[in-house]
Structures are given as C-alpha cells and as structure tokens.
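Peer 1: Below you will find the structure I want to go over with you.
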Amino acid sequence: MPSIFKPASVEPVDLRARIGIVACAVLLALMTAVAISRAVAAKATPPVHAVKIENMKFSPAALTVFVGDRIEFKNDDLVPHTATAKPSTAFDSGLVMPGESWVLIAKSAGRFSYTCTFHPMMIGEIIVEKRR
C-alpha cells in the first residue's frame, strides 16, 4: 500500500543566512548579559566600614572610604559618646549610648576630622575619595 505521506522537500539553506542568525543570537545574548550586569552593579550595596569606639578612642583613628560607602560607629565603651565632625555641619551622630551604633553615609569627597563632644581628646579622621 502506498504511503499517503510524501517526504518533504528539503531545500538548502544559505550558509550566510545561518551565520547571520547565529551572530544575531550571540549578540542578543551578549547585550542581555551586559544589561543584567549593569543592573546588578547599580543595585549593589555599598561597603560598610566599622569604627569601634572603645577605651576612650576611635579605632581605626583614620579611615579611607569612597563616596557612597557607609561607616558604622559602634560604641563598645562603658559611657556615651558622639562622632562629631569639626566643623559639626559635616556630620554629628548625636548621643551614641553603650552597645548602640550609628551609621554615616559618605556623601561627598574630602577630609573630615571628628571628635567626641564629651571627650575632646578622642579624635579621628575620615578621608572620602571619589570612585574612579
């Protein structure tokens, strides 16, 4: 009994067309990967740097960070402290009680000296640089 199905005719596909299709697929995949990596980088959380307040001093006494980074001042001392820039218009933590923390976001480049308003012998410096 003869088959009712006829084999489909196979027409040769132009090699240039195949190369073009593959090249377009690769380009699309590459563009997608770049877009995803940019989105992830834009949403990346800036680093957090720690300044420990203990034994009536800031540690480290000098810290270099980048604009957008966060600096966490953790009071591990027995008494309240502040982290107050000189002049205080740059930043002021207010009262940081023992066991508490205060976070500063570095918003602009520059050198910022700071002290504890209760204990002026406690001094520190934050150097904020622009990312390259």
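Residue names in the structure tokens use chain letters A, B, ... in the order shown, residue numbers from 1 in each chain, and ligand numbers from 1 in the order shown.
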Enumerate as a compact mmCIF listing (two decimals) with C-alpha atoms, in the first residue's frame all residues of chain A assigned to strand (DSSP E or B) by DSSP on the backbone, naming them with the chain letters and numbers the document uses.

Peer 2:
# COMPACT_ATOMS: atom_id res chain seq x y z
CA VAL A 48 30.14 49.15 55.34
CA HIS A 49 33.27 50.20 57.25
CA ALA A 50 33.46 49.79 61.02
CA VAL A 51 34.74 52.32 63.53
CA LYS A 52 34.87 50.88 67.01
CA ILE A 53 34.54 53.22 69.99
CA GLU A 54 36.32 51.62 72.92
CA LYS A 57 39.22 56.19 71.38
CA PHE A 58 38.05 55.65 67.81
CA SER A 59 39.53 52.63 66.07
CA ALA A 62 41.94 57.24 60.34
CA LEU A 63 39.73 55.62 57.72
CA THR A 64 39.67 55.99 53.93
CA VAL A 65 36.38 55.27 52.13
CA PHE A 66 34.63 56.12 48.86
CA ARG A 70 28.71 53.54 54.87
CA ILE A 71 30.62 53.95 58.11
CA GLU A 72 29.20 52.29 61.22
CA PHE A 73 30.31 53.74 64.56
CA LYS A 74 29.79 51.07 67.25
CA ASN A 75 30.06 52.16 70.88
CA HIS A 81 29.99 59.15 73.01
CA THR A 84 31.02 64.94 65.62
CA ALA A 85 32.83 66.46 62.65
CA ASP A 92 27.07 64.68 64.02
CA VAL A 96 25.53 57.04 70.93
CA SER A 101 25.63 52.06 66.70
CA TRP A 102 25.30 55.00 64.35
CA VAL A 103 25.76 54.85 60.56
CA LEU A 104 27.19 57.66 58.43
CA ILE A 105 26.89 57.62 54.63
CA GLY A 110 37.06 65.35 51.39
CA ARG A 111 38.89 65.00 54.69
CA PHE A 112 36.73 65.10 57.79
CA SER A 113 38.24 65.35 61.26
CA TYR A 114 35.92 64.41 64.09
CA THR A 115 35.82 64.14 67.85
CA ILE A 123 39.83 62.27 67.65
CA GLY A 124 39.53 60.59 64.28
CA GLU A 125 39.59 61.32 60.58
CA ILE A 126 37.60 60.05 57.62
CA ILE A 127 39.03 60.52 54.14
CA VAL A 128 36.35 60.21 51.46
CA GLU A 129 37.52 59.70 47.86

Peer 1: One number please: atom CA of Gly94 of chain A to atom CA of Met56 of chain A, in Å, one decimal.

Peer 2: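 Interatomic distance, atom CA of Gly94 of chain A to atom CA of Met56 of chain A: 16.6 Å.
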
Peer 1: Of the residues A:Leu95, A:Val79, A:Ala106, A:Cys116, which is the one nearest to Pro46 of chain A, using only C-alpha atoms?

Peer 2: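 Of A:Leu95, A:Val79, A:Ala106, A:Cys116, the one nearest Pro46 of chain A is A:Ala106, counting only C-alpha atoms.
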
Peer 1: Distance atom CA of Thr82 of chain A-atom CA of Glu100 of chain A, one decimal place?

Peer 2: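 We find that atom CA of Thr82 of chain A and atom CA of Glu100 of chain A lie 11.2 Å from each other.
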
Peer 1: Could you pull out the helix (DSSP H, G or I) residues of segment 17-85 of chain A from DSSP and send them as number ranges by chain?

Peer 2: A: 17-43

Peer 1: Could you check the closest approach to Pro47 of chain A for each of A:Pro60, A:Val34, A:Leu28, A:Val67 and tell me which residue wins, using only C-alpha atoms?

Peer 2: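 Using only C-alpha atoms, the shortest distance to Pro47 of chain A belongs to A:Val67.
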